[in-house]
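As provided, my_file.txt (compact mmCIF, C-alpha atoms and all ligand atoms) reads as follows.
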# COMPACT_ATOMS: atom_id res chain seq x y z
CA MET A 3 -67.25 -356.54 -27.70
CA ILE A 4 -70.91 -355.63 -28.01
CA TRP A 5 -71.63 -359.33 -27.61
CA LEU A 6 -69.49 -359.40 -24.39
CA ILE A 7 -71.27 -356.33 -22.89
CA ALA A 8 -74.67 -357.84 -23.73
CA ALA A 9 -73.69 -361.13 -22.00
CA VAL A 10 -72.56 -359.27 -18.80
CA VAL A 11 -75.83 -357.29 -18.71
CA VAL A 12 -77.95 -360.46 -19.06
CA ILE A 13 -76.01 -362.30 -16.30
CA ALA A 14 -76.26 -359.29 -13.96
CA ALA A 15 -79.99 -358.99 -14.55
CA ALA A 16 -80.53 -362.71 -13.90
CA ALA A 17 -78.54 -362.52 -10.64
CA GLY A 18 -80.56 -359.51 -9.51
CA ILE A 19 -83.88 -361.22 -10.14
CA THR A 20 -82.77 -364.38 -8.25
CA TRP A 21 -81.62 -362.25 -5.25
CA ALA A 22 -84.85 -360.30 -5.19
CA LEU A 23 -86.93 -363.48 -5.35
CA THR A 24 -84.97 -365.20 -2.56
CA ARG A 25 -85.22 -362.11 -0.35
CA SER A 26 -88.93 -361.68 -0.76
CA LYS A 27 -89.51 -365.40 -0.09
CA ASN A 28 -87.53 -365.17 3.17
CA GLU A 29 -89.52 -362.16 4.30
CA ILE A 30 -92.78 -364.00 3.60
CA GLY A 31 -91.41 -366.94 5.59
CA THR A 32 -90.65 -364.88 8.68
CA ALA A 33 -93.80 -362.84 8.54
CA ALA A 34 -96.40 -365.47 7.89
CA GLU A 35 -95.05 -368.95 8.58
CA PRO A 36 -97.49 -370.65 11.00
CA GLU A 37 -96.20 -372.00 14.31
CA VAL A 38 -95.61 -375.74 14.13
CA GLU A 39 -96.73 -377.77 17.07
CA ALA A 40 -94.27 -380.36 18.35
CA GLY A 41 -94.87 -383.64 16.53
CA GLU A 42 -97.11 -382.05 13.92
CA PRO A 43 -96.25 -383.10 10.34
CA THR A 44 -94.78 -380.26 8.26
CA GLU A 45 -95.67 -379.66 4.64
CA GLU A 46 -93.81 -377.75 1.97
CA ALA A 47 -96.38 -375.10 1.11
CA GLU A 48 -96.75 -372.96 -1.99
CA PRO A 49 -95.56 -369.43 -1.37
CA PRO A 50 -98.70 -367.55 -0.42
CA SER A 51 -99.98 -364.64 -2.44
CA ALA A 52 -99.46 -361.11 -1.13
CA THR A 53 -103.10 -360.85 0.02
CA THR A 54 -102.94 -364.11 1.99
CA VAL A 55 -99.71 -363.02 3.60
CA GLU A 56 -101.23 -359.79 4.78
CA ALA A 57 -104.31 -361.53 6.14
CA GLU A 58 -102.28 -364.19 7.95
CA ALA A 59 -99.81 -361.68 9.31
CA ALA A 60 -102.70 -359.70 10.73
CA GLU A 61 -104.17 -362.77 12.44
CA GLU A 62 -100.85 -363.97 13.91
CA PRO A 63 -100.20 -362.53 17.38
CA SER A 64 -96.69 -361.11 17.55
CA GLU A 65 -95.91 -362.58 21.02
CA PRO A 66 -97.75 -365.40 22.84
CA GLU A 67 -99.65 -363.58 25.59
CA ALA A 68 -99.09 -364.76 29.16
CA PRO A 69 -102.48 -365.30 30.89
CA ALA A 70 -103.23 -362.28 33.07
CA ILE A 71 -103.68 -363.18 36.72
CA GLU A 72 -106.85 -361.62 38.06
CA LYS A 73 -107.19 -360.05 41.48
CA PRO A 74 -110.41 -361.39 43.02
CA GLU A 75 -112.67 -359.06 44.89
CA PRO A 76 -112.39 -359.06 48.72
CA THR A 77 -115.07 -361.14 50.44
CA ALA A 78 -116.17 -358.61 53.04
CA GLY A 79 -119.38 -356.86 52.08
CA ARG A 80 -120.18 -359.10 49.13
CA LEU A 81 -123.67 -359.90 50.40
CA VAL A 82 -124.33 -356.19 50.55
CA ARG A 83 -123.16 -355.76 46.94
CA LEU A 84 -125.25 -358.71 45.80
CA ARG A 85 -128.25 -357.88 47.96
CA ALA A 86 -130.20 -356.38 45.09
CA ARG A 87 -130.17 -359.74 43.28
CA LEU A 88 -131.48 -361.48 46.34
CA SER A 89 -134.16 -358.88 46.90
CA ARG A 90 -135.20 -358.83 43.25
CA SER A 91 -136.12 -362.49 43.21
CA ASN A 92 -137.38 -362.67 46.76
CA SER A 93 -139.20 -359.40 47.19
CA VAL A 94 -142.48 -361.15 46.39
CA PHE A 95 -141.89 -363.31 49.41
CA GLY A 96 -140.96 -360.53 51.86
CA LYS A 97 -143.35 -357.93 50.54
CA GLY A 98 -146.14 -360.49 50.26
CA LEU A 99 -145.76 -361.38 53.92
CA LEU A 100 -145.70 -357.76 55.01
CA ALA A 101 -148.76 -356.93 52.94
CA LEU A 102 -150.65 -359.79 54.52
CA LEU A 103 -149.54 -358.82 58.02
CA SER A 104 -150.77 -355.30 57.38
CA SER A 105 -154.22 -356.48 56.22
CA ASP A 106 -157.14 -354.63 57.73
CA LYS A 107 -158.34 -357.73 59.47
CA LEU A 108 -155.84 -360.38 60.60
CA ASP A 109 -158.23 -363.31 60.63
CA GLU A 110 -157.76 -367.08 60.25
CA GLU A 111 -157.81 -366.81 56.48
CA VAL A 112 -154.98 -364.25 56.43
CA TRP A 113 -152.83 -366.34 58.77
CA GLU A 114 -153.35 -369.31 56.45
CA GLU A 115 -152.27 -367.15 53.53
CA ILE A 116 -149.17 -366.13 55.44
CA GLU A 117 -148.33 -369.78 56.03
CA ASP A 118 -148.93 -370.57 52.34
CA THR A 119 -146.60 -367.74 51.31
CA LEU A 120 -143.89 -369.18 53.55
CA LEU A 121 -144.43 -372.67 52.11
CA THR A 122 -144.35 -371.37 48.52
CA ALA A 123 -140.96 -369.82 49.28
CA ASP A 124 -139.76 -373.30 50.33
CA VAL A 125 -139.49 -372.53 54.03
CA GLY A 126 -140.67 -376.02 55.00
CA ILE A 127 -143.74 -376.98 56.98
CA GLN A 128 -142.18 -377.16 60.44
CA ASP A 129 -140.69 -373.68 60.36
CA ALA A 130 -143.60 -372.14 58.45
CA THR A 131 -145.96 -373.31 61.19
CA ALA A 132 -143.62 -372.10 63.93
CA ILE A 133 -143.21 -368.66 62.34
CA VAL A 134 -146.98 -368.24 61.97
CA GLU A 135 -147.71 -369.37 65.53
CA ASN A 136 -145.10 -367.07 67.05
CA LEU A 137 -146.14 -364.08 64.95
CA ARG A 138 -149.78 -364.62 65.74
CA GLU A 139 -149.13 -364.76 69.45
CA ARG A 140 -146.87 -361.71 69.49
CA VAL A 141 -149.22 -359.62 67.33
CA GLN A 142 -152.08 -360.51 69.68
CA VAL A 143 -150.12 -359.81 72.86
CA LEU A 144 -148.77 -356.49 71.58
CA GLY A 145 -152.08 -355.64 69.94
CA THR A 146 -150.12 -353.87 67.25
CA ARG A 147 -151.16 -352.92 63.73
CA ASP A 148 -148.24 -350.62 63.12
CA PRO A 149 -146.44 -351.60 59.85
CA ALA A 150 -142.97 -350.80 61.21
CA GLU A 151 -143.63 -352.91 64.30
CA LEU A 152 -144.99 -355.79 62.20
CA LYS A 153 -141.92 -355.63 60.02
CA ARG A 154 -139.71 -355.83 63.10
CA LEU A 155 -141.60 -358.88 64.35
CA LEU A 156 -141.31 -360.62 61.00
CA ARG A 157 -137.60 -359.82 60.85
CA GLU A 158 -137.09 -361.28 64.32
CA GLU A 159 -138.96 -364.48 63.55
CA LEU A 160 -137.07 -365.08 60.31
CA THR A 161 -133.77 -364.37 62.05
CA ALA A 162 -134.59 -366.81 64.84
CA VAL A 163 -135.34 -369.74 62.50
CA LEU A 164 -132.11 -369.07 60.59
CA ASP A 165 -130.10 -369.55 63.78
CA PRO A 166 -127.62 -366.66 63.68
CA ASP A 167 -125.33 -368.37 66.21
CA MET A 168 -124.25 -371.16 63.84
CA ASP A 169 -120.56 -371.08 62.89
CA ARG A 170 -120.50 -370.22 59.19
CA SER A 171 -116.78 -369.89 58.71
CA ILE A 172 -115.05 -372.27 56.28
CA ASN A 173 -112.50 -374.31 58.17
CA THR A 174 -109.28 -374.04 56.23
CA THR A 175 -106.87 -374.63 59.07
CA GLY A 176 -104.83 -377.74 58.38
CA ALA A 177 -102.31 -379.42 60.64
CA GLU A 178 -99.14 -377.41 61.35
CA GLY A 179 -97.42 -376.72 58.05
CA LYS A 180 -99.87 -378.92 56.10
CA PRO A 181 -102.63 -378.02 53.65
CA ALA A 182 -106.29 -378.19 54.68
CA PRO A 183 -108.25 -380.47 52.31
CA VAL A 184 -111.72 -379.13 51.49
CA LEU A 185 -114.07 -381.53 49.72
CA VAL A 186 -116.82 -380.21 47.44
CA VAL A 187 -119.76 -382.56 46.79
CA GLY A 188 -123.21 -382.35 45.22
CA VAL A 189 -125.26 -383.47 42.23
CA ASN A 190 -124.15 -382.62 38.71
CA GLY A 191 -125.42 -379.33 37.49
CA ALA A 192 -125.83 -377.88 40.99
CA GLY A 193 -122.90 -375.58 40.25
CA LYS A 194 -120.11 -377.58 41.92
CA THR A 195 -117.29 -376.80 39.52
CA THR A 196 -118.27 -373.14 39.20
CA THR A 197 -118.48 -372.86 42.97
CA CYS A 198 -115.06 -374.55 43.40
CA GLY A 199 -113.63 -371.89 41.11
CA LYS A 200 -115.38 -369.11 43.01
CA ILE A 201 -114.23 -370.49 46.38
CA ALA A 202 -110.65 -370.68 45.08
CA ARG A 203 -110.92 -366.98 44.28
CA VAL A 204 -112.30 -366.24 47.77
CA LEU A 205 -109.40 -368.14 49.33
CA VAL A 206 -106.85 -366.38 47.10
CA ALA A 207 -108.42 -363.00 47.92
CA ASP A 208 -107.95 -363.84 51.60
CA GLY A 209 -104.24 -364.52 51.03
CA ASN A 210 -104.24 -368.32 50.87
CA LYS A 211 -102.10 -370.49 48.62
CA VAL A 212 -104.49 -372.89 46.92
CA VAL A 213 -104.29 -376.10 44.84
CA LEU A 214 -107.38 -377.41 43.01
CA GLY A 215 -108.06 -381.12 42.46
CA ALA A 216 -110.29 -382.06 39.51
CA ALA A 217 -111.65 -385.32 40.89
CA ASP A 218 -114.79 -385.00 38.72
CA THR A 219 -113.32 -387.36 36.14
CA PHE A 220 -116.76 -388.36 34.88
CA ARG A 221 -117.01 -385.37 32.58
CA ALA A 222 -113.85 -384.23 30.76
CA ALA A 223 -115.21 -380.70 30.46
CA ALA A 224 -115.36 -380.41 34.25
CA ALA A 225 -111.54 -380.64 34.54
CA GLU A 226 -111.22 -378.20 31.65
CA GLN A 227 -113.63 -375.81 33.34
CA LEU A 228 -111.78 -376.05 36.67
CA SER A 229 -108.43 -375.46 34.94
CA SER A 230 -109.67 -372.26 33.40
CA TRP A 231 -110.88 -371.04 36.82
CA GLY A 232 -107.46 -371.93 38.27
CA ASP A 233 -105.55 -370.19 35.45
CA ARG A 234 -107.38 -366.93 36.08
CA VAL A 235 -106.03 -366.65 39.62
CA GLY A 236 -102.75 -368.53 39.16
CA VAL A 237 -103.92 -371.61 41.08
CA PRO A 238 -102.48 -374.98 39.94
CA VAL A 239 -105.00 -377.69 39.04
CA VAL A 240 -104.25 -381.39 39.43
CA ARG A 241 -106.17 -383.29 36.76
CA ARG A 242 -106.15 -386.61 34.93
CA ASP A 243 -107.88 -388.03 31.88
CA GLU A 244 -111.62 -388.57 31.74
CA GLY A 245 -112.56 -391.81 33.50
CA ALA A 246 -109.50 -391.80 35.82
CA ASP A 247 -110.01 -392.89 39.42
CA PRO A 248 -111.37 -389.81 41.29
CA ALA A 249 -109.74 -390.97 44.53
CA SER A 250 -106.28 -391.06 42.97
CA VAL A 251 -106.75 -387.52 41.59
CA ALA A 252 -107.82 -386.34 45.05
CA PHE A 253 -104.79 -388.03 46.62
CA GLU A 254 -102.42 -386.50 44.07
CA ALA A 255 -103.94 -383.06 44.64
CA VAL A 256 -103.35 -383.21 48.39
CA LYS A 257 -99.81 -384.53 47.79
CA GLU A 258 -99.17 -381.68 45.37
CA GLY A 259 -100.59 -379.17 47.83
CA ASP A 260 -98.31 -380.53 50.53
CA GLU A 261 -95.24 -380.37 48.30
CA GLN A 262 -96.05 -376.85 47.15
CA GLY A 263 -96.65 -375.62 50.71
CA ALA A 264 -100.30 -374.78 49.93
CA ASP A 265 -102.72 -373.68 52.66
CA VAL A 266 -105.81 -375.27 51.11
CA VAL A 267 -106.49 -378.08 48.62
CA LEU A 268 -109.97 -377.79 47.14
CA VAL A 269 -111.24 -381.06 45.63
CA ASP A 270 -114.13 -381.03 43.11
CA THR A 271 -115.97 -384.38 42.86
CA ALA A 272 -118.44 -385.91 40.42
CA GLY A 273 -121.09 -387.30 42.77
CA ARG A 274 -123.41 -388.86 40.22
CA LEU A 275 -126.56 -389.89 42.00
CA GLN A 276 -126.98 -393.20 40.18
CA ASN A 277 -127.63 -394.94 43.49
CA LYS A 278 -126.79 -394.42 47.12
CA ALA A 279 -124.40 -397.39 47.33
CA GLY A 280 -122.39 -396.23 44.31
CA LEU A 281 -122.18 -392.72 45.64
CA MET A 282 -121.16 -393.97 49.04
CA ASP A 283 -118.42 -396.13 47.49
CA GLU A 284 -117.04 -393.30 45.37
CA LEU A 285 -117.12 -390.51 47.95
CA GLY A 286 -116.06 -392.88 50.74
CA LYS A 287 -112.97 -393.85 48.76
CA VAL A 288 -112.13 -390.21 47.93
CA LYS A 289 -112.41 -389.33 51.62
CA ARG A 290 -110.33 -392.31 52.76
CA VAL A 291 -107.44 -391.65 50.39
CA ILE A 292 -107.32 -387.93 51.16
CA GLU A 293 -107.24 -388.73 54.86
CA LYS A 294 -104.27 -391.07 54.33
CA ARG A 295 -102.39 -387.78 54.04
CA GLU A 296 -104.45 -385.13 55.84
CA PRO A 297 -107.79 -385.00 57.68
CA ILE A 298 -110.50 -383.20 55.68
CA THR A 299 -111.27 -379.90 57.39
CA GLU A 300 -114.49 -379.05 55.55
CA THR A 301 -116.97 -380.90 53.33
CA LEU A 302 -119.16 -378.48 51.43
CA LEU A 303 -122.41 -379.65 49.89
CA ILE A 304 -123.53 -377.65 46.87
CA ILE A 305 -127.30 -377.32 46.46
CA ASP A 306 -129.11 -375.59 43.60
CA ALA A 307 -131.64 -373.29 45.31
CA THR A 308 -134.03 -373.58 42.36
CA THR A 309 -134.55 -377.33 42.77
CA GLY A 310 -136.76 -377.05 45.89
CA GLN A 311 -137.85 -380.24 47.58
CA ASN A 312 -136.08 -382.41 45.03
CA GLY A 313 -132.78 -380.73 45.82
CA LEU A 314 -133.45 -381.24 49.52
CA ARG A 315 -133.95 -384.97 49.08
CA GLN A 316 -130.69 -385.26 47.13
CA ALA A 317 -128.94 -383.23 49.81
CA GLU A 318 -130.14 -385.66 52.44
CA VAL A 319 -128.56 -388.57 50.54
CA PHE A 320 -125.23 -386.74 50.36
CA SER A 321 -125.31 -385.91 54.03
CA GLN A 322 -125.85 -389.60 54.76
CA VAL A 323 -122.76 -390.66 52.80
CA THR A 324 -120.36 -387.85 53.77
CA ASP A 325 -119.87 -385.71 56.86
CA VAL A 326 -121.23 -382.50 55.38
CA SER A 327 -120.03 -379.56 57.46
CA GLY A 328 -121.46 -376.71 55.43
CA VAL A 329 -123.85 -375.94 52.58
CA VAL A 330 -123.39 -373.66 49.59
CA LEU A 331 -126.72 -372.62 48.09
CA THR A 332 -126.23 -371.70 44.44
CA LYS A 333 -128.48 -369.83 42.00
CA LEU A 334 -130.26 -367.94 44.75
CA ASP A 335 -130.29 -365.01 42.32
CA GLY A 336 -132.66 -366.86 40.01
CA SER A 337 -134.94 -368.20 42.70
CA ALA A 338 -137.89 -366.59 44.41
CA LYS A 339 -137.62 -369.27 47.04
CA GLY A 340 -135.17 -367.85 49.54
CA GLY A 341 -136.93 -369.86 52.24
CA ILE A 342 -134.90 -372.88 51.07
CA VAL A 343 -132.07 -371.62 53.32
CA ILE A 344 -134.27 -372.31 56.34
CA ALA A 345 -135.40 -375.72 55.04
CA VAL A 346 -131.86 -376.87 54.19
CA GLN A 347 -130.50 -376.01 57.61
CA ARG A 348 -133.47 -377.71 59.25
CA ALA A 349 -133.16 -380.88 57.13
CA LEU A 350 -129.39 -381.29 57.39
CA GLY A 351 -128.62 -379.61 60.69
CA VAL A 352 -125.63 -377.84 59.13
CA PRO A 353 -125.29 -374.14 58.36
CA VAL A 354 -125.54 -372.50 54.95
CA LYS A 355 -122.06 -370.96 54.71
CA LEU A 356 -122.00 -369.42 51.25
CA VAL A 357 -124.57 -368.33 48.69
CA GLY A 358 -124.19 -368.15 44.91
CA LEU A 359 -125.83 -365.03 43.50
CA GLY A 360 -124.84 -365.06 39.84
CA GLU A 361 -122.59 -366.51 37.19
CA GLY A 362 -119.86 -363.88 37.60
CA PRO A 363 -116.54 -365.03 39.09
CA ASP A 364 -117.05 -363.11 42.34
CA ASP A 365 -120.79 -363.68 42.67
CA LEU A 366 -120.39 -365.87 45.75
CA ALA A 367 -120.96 -364.36 49.16
CA PRO A 368 -120.49 -365.49 52.74
CA PHE A 369 -123.96 -366.08 54.13
CA GLU A 370 -124.97 -363.59 56.83
CA VAL A 371 -128.34 -364.01 58.54
CA GLU A 372 -128.91 -360.31 59.13
CA GLY A 373 -128.11 -359.22 55.57
CA PHE A 374 -130.23 -362.04 54.17
CA VAL A 375 -133.30 -361.22 56.30
CA ASP A 376 -132.92 -357.52 55.43
CA ALA A 377 -132.95 -358.39 51.74
CA LEU A 378 -136.12 -360.47 52.18
CA VAL A 379 -138.02 -358.02 54.33
CA ASP A 380 -136.84 -354.69 52.98
CA GLY A 381 -136.54 -355.58 49.28
CA THR A 382 -134.63 -353.15 47.14
CA ASP A 383 -136.24 -349.98 48.36
N1 LIG B 401 -127.35 -367.76 38.09
C1 LIG B 401 -126.44 -368.55 38.65
N2 LIG B 401 -125.89 -369.56 37.95
C2 LIG B 401 -124.97 -370.35 38.56
C3 LIG B 401 -124.60 -370.14 39.91
N3 LIG B 401 -123.69 -371.11 40.23
C4 LIG B 401 -123.50 -371.87 39.12
N4 LIG B 401 -124.26 -371.42 38.10
C5 LIG B 401 -124.38 -371.95 36.74
O1 LIG B 401 -124.85 -373.28 36.79
C6 LIG B 401 -124.36 -374.03 35.69
C7 LIG B 401 -123.81 -375.37 36.14
O2 LIG B 401 -122.64 -375.14 36.88
P1 LIG B 401 -121.45 -376.22 36.97
O3 LIG B 401 -120.44 -375.64 37.89
O4 LIG B 401 -120.99 -376.69 35.66
O5 LIG B 401 -122.20 -377.42 37.69
P2 LIG B 401 -121.60 -378.79 38.24
O6 LIG B 401 -122.37 -379.13 39.44
O7 LIG B 401 -120.12 -378.71 38.40
O8 LIG B 401 -121.96 -379.77 37.07
P3 LIG B 401 -121.07 -380.97 36.56
O9 LIG B 401 -119.76 -380.39 36.16
O10 LIG B 401 -121.88 -381.50 35.43
O11 LIG B 401 -120.95 -381.88 37.72
C8 LIG B 401 -123.35 -373.12 35.02
O12 LIG B 401 -123.94 -372.53 33.89
C9 LIG B 401 -123.04 -372.06 36.06
O13 LIG B 401 -122.65 -370.82 35.51
C10 LIG B 401 -125.22 -369.07 40.66
O14 LIG B 401 -125.01 -368.83 41.84
N5 LIG B 401 -126.14 -368.31 39.97

Do you think you could lay out the structure here as structure tokens?
Amino acid sequence: MIWLIAAVVVIAAAAGITWALTRSKNEIGTAAEPEVEAGEPTEEAEPPSATTVEAEAAEEPSEPEAPAIEKPEPTAGRLVRLRARLSRSNSVFGKGLLALLSSDKLDEEVWEEIEDTLLTADVGIQDATAIVENLRERVQVLGTRDPAELKRLLREELTAVLDPDMDRSINTTGAEGKPAPVLVVGVNGAGKTTTCGKIARVLVADGNKVVLGAADTFRAAAAEQLSSWGDRVGVPVVRRDEGADPASVAFEAVKEGDEQGADVVLVDTAGRLQNKAGLMDELGKVKRVIEKREPITETLLIIDATTGQNGLRQAEVFSQVTDVSGVVLTKLDGSAKGGIVIAVQRALGVPVKLVGLGEGPDDLAPFEVEGFVDALVDGTD
């Protein structure tokens, strides 16, 4: 009998231990088992120690988080918000000119210095000469030495060369019920992809439905970069593998935009400047295939404001191979050469429509002549 009781106790104890072990193993499995990607080989792993389990459980997010859709900032008044950045880098230019104009004696030497200051700020020789000649004449005729009056004259001359009557709106009106294709071109590194992302946000903020086309297939990271911009504002991005034909990506993007009832399809391109013929071939083909579906409403050329004359020469090549309808000047926040706006418009005959004033997602502002001249002349004070 004692033997029988002992046997029952041993069996019960063994069963209890097995149950406890199975239970704790299952709990470990649910708490810390890593997610297995489709197609990924699975391995039978050793049961992890309690410490590992805790660490892994802490790292594992309980629910996969849906990407939050951001609400971009409205476009109105952006230049005012970003004015300080413009003034900071360009105050030397504006203040320098005003200081010279207020010199005790406005002689030949001072006028030459004024012209040099304009040239250093990348205004370009033709406009620098015109500004100096006009100012000189008006100062003489008015016989004024009053700083407020001189400031007004300078403001007027800068405004005049910037041509405030140019149409700076971005044409995003497609054919009835069809998306408007907008092509974005420029040399690598000018800020094309970043600007595409920023423009997409501007368009979304203004209530447009947008599709992005990653036709910069030269650099895989460019499509990746554009996708992350698109994800942030819920804009779909049409992309293919690195090395794919840019024209076919552009075509697919416009097709997708059409099927999705989008208002605008924004196409980012590579535009390597290896030679003019190659560039012409590539951009010409992109343009042709897009226009098999819809006429391009706007071709924006992205120019890095810090590249000065070199950037201007590159811009001229682009304007020869595509019908550039507007310029976006990027990195104006890091440049003390705000005069490039004047030179670009003079060289290409097309308006600067947007300016990049920082790396932040909403650091792109519609270009307004008055606000820009105020920032140059008044500085931050
Ligand atoms: N400070 C400042 N940086 C900018 C601005 N616009 C773009 N950038 C920066 O410039 C760098 C290059 O920008 P990208 O958009 O990658 O240039 P990209 O022309 O597309 O270059 P690829 O993709 O190589 O063709 C990035 O670090 C951007 O954050 C701007 O307005 N201000």

Which protein, DNA or RNA residues have an atom within 8 Å of ligand LIG 401 (chain B), counting all atoms listed in the file, as an mmCIF file with C-alpha atoms, keeping the file's coordinate frame?
data_model
loop_
_atom_site.group_PDB
_atom_site.id
_atom_site.type_symbol
_atom_site.label_atom_id
_atom_site.label_comp_id
_atom_site.auth_asym_id
_atom_site.auth_seq_id
_atom_site.Cartn_x
_atom_site.Cartn_y
_atom_site.Cartn_z
ATOM 1 C CA GLY A 188 -123.210 -382.350 45.220
ATOM 2 C CA VAL A 189 -125.260 -383.470 42.230
ATOM 3 C CA ASN A 190 -124.150 -382.620 38.710
ATOM 4 C CA GLY A 191 -125.420 -379.330 37.490
ATOM 5 C CA ALA A 192 -125.830 -377.880 40.990
ATOM 6 C CA GLY A 193 -122.900 -375.580 40.250
ATOM 7 C CA LYS A 194 -120.110 -377.580 41.920
ATOM 8 C CA THR A 195 -117.290 -376.800 39.520
ATOM 9 C CA THR A 196 -118.270 -373.140 39.200
ATOM 10 C CA THR A 197 -118.480 -372.860 42.970
ATOM 11 C CA CYS A 198 -115.060 -374.550 43.400
ATOM 12 C CA ASP A 218 -114.790 -385.000 38.720
ATOM 13 C CA ARG A 221 -117.010 -385.370 32.580
ATOM 14 C CA ALA A 223 -115.210 -380.700 30.460
ATOM 15 C CA ALA A 224 -115.360 -380.410 34.250
ATOM 16 C CA GLN A 227 -113.630 -375.810 33.340
ATOM 17 C CA ASP A 270 -114.130 -381.030 43.110
ATOM 18 C CA THR A 271 -115.970 -384.380 42.860
ATOM 19 C CA ALA A 272 -118.440 -385.910 40.420
ATOM 20 C CA GLY A 273 -121.090 -387.300 42.770
ATOM 21 C CA ARG A 274 -123.410 -388.860 40.220
ATOM 22 C CA ILE A 304 -123.530 -377.650 46.870
ATOM 23 C CA ASP A 306 -129.110 -375.590 43.600
ATOM 24 C CA LEU A 331 -126.720 -372.620 48.090
ATOM 25 C CA THR A 332 -126.230 -371.700 44.440
ATOM 26 C CA LYS A 333 -128.480 -369.830 42.000
ATOM 27 C CA LEU A 334 -130.260 -367.940 44.750
ATOM 28 C CA ASP A 335 -130.290 -365.010 42.320
ATOM 29 C CA GLY A 336 -132.660 -366.860 40.010
ATOM 30 C CA VAL A 357 -124.570 -368.330 48.690
ATOM 31 C CA GLY A 358 -124.190 -368.150 44.910
ATOM 32 C CA LEU A 359 -125.830 -365.030 43.500
ATOM 33 C CA GLY A 360 -124.840 -365.060 39.840
ATOM 34 C CA GLU A 361 -122.590 -366.510 37.190
ATOM 35 C CA GLY A 362 -119.860 -363.880 37.600
ATOM 36 C CA ASP A 365 -120.790 -363.680 42.670
ATOM 37 C CA LEU A 366 -120.390 -365.870 45.750
#

In the coordinates of the file, take the point (-124.1, -379.4, 59.4) and a cut-off of 10 Å; then, counting all atoms listed in the file, name each qualifying protein, DNA or RNA residue as a PDB file with C-alpha atoms, keeping the file's coordinate frame.
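Writing the result to selection.pdb gives the following:
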ATOM      1  CA  MET A 168    -124.250-371.160  63.840  1.00  0.00           C
ATOM      2  CA  ASP A 169    -120.560-371.080  62.890  1.00  0.00           C
ATOM      3  CA  ARG A 170    -120.500-370.220  59.190  1.00  0.00           C
ATOM      4  CA  THR A 301    -116.970-380.900  53.330  1.00  0.00           C
ATOM      5  CA  LEU A 302    -119.160-378.480  51.430  1.00  0.00           C
ATOM      6  CA  LEU A 303    -122.410-379.650  49.890  1.00  0.00           C
ATOM      7  CA  SER A 321    -125.310-385.910  54.030  1.00  0.00           C
ATOM      8  CA  ASP A 325    -119.870-385.710  56.860  1.00  0.00           C
ATOM      9  CA  VAL A 326    -121.230-382.500  55.380  1.00  0.00           C
ATOM     10  CA  SER A 327    -120.030-379.560  57.460  1.00  0.00           C
ATOM     11  CA  GLY A 328    -121.460-376.710  55.430  1.00  0.00           C
ATOM     12  CA  VAL A 329    -123.850-375.940  52.580  1.00  0.00           C
ATOM     13  CA  VAL A 346    -131.860-376.870  54.190  1.00  0.00           C
ATOM     14  CA  GLN A 347    -130.500-376.010  57.610  1.00  0.00           C
ATOM     15  CA  ARG A 348    -133.470-377.710  59.250  1.00  0.00           C
ATOM     16  CA  ALA A 349    -133.160-380.880  57.130  1.00  0.00           C
ATOM     17  CA  LEU A 350    -129.390-381.290  57.390  1.00  0.00           C
ATOM     18  CA  GLY A 351    -128.620-379.610  60.690  1.00  0.00           C
ATOM     19  CA  VAL A 352    -125.630-377.840  59.130  1.00  0.00           C
ATOM     20  CA  PRO A 353    -125.290-374.140  58.360  1.00  0.00           C
ATOM     21  CA  VAL A 354    -125.540-372.500  54.950  1.00  0.00           C
ATOM     22  CA  LYS A 355    -122.060-370.960  54.710  1.00  0.00           C
TER      23      LYS A 355
END

Just need the box for segment 260-278 of chain A, edges along x, y and z, holding every atom the file lists for it with 4 Å tacked onto each side, so centre and edge lengths in Å to one decimal, as AutoDock Vina command-line options.
--center_x -111.4 --center_y -384.3 --center_z 46.4 --size_x 40.4 --size_y 29.3 --size_z 20.5

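The interatomic distance for the pair atom CA of Glu75 of chain A and atom CA of Ile201 of chain A works out to 11.6 Å.
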
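Close contacts of Leu314 of chain A, defined as residues with an atom at most 9 Å away when counting only C-alpha atoms, with chain neighbours fewer than 3 positions off set aside, comprise Ile305, Thr309, Gly310, Gln311, Ala317, Glu318, Val319, Ile342, Ala345, Val346, Ala349 and Leu350 of chain A.
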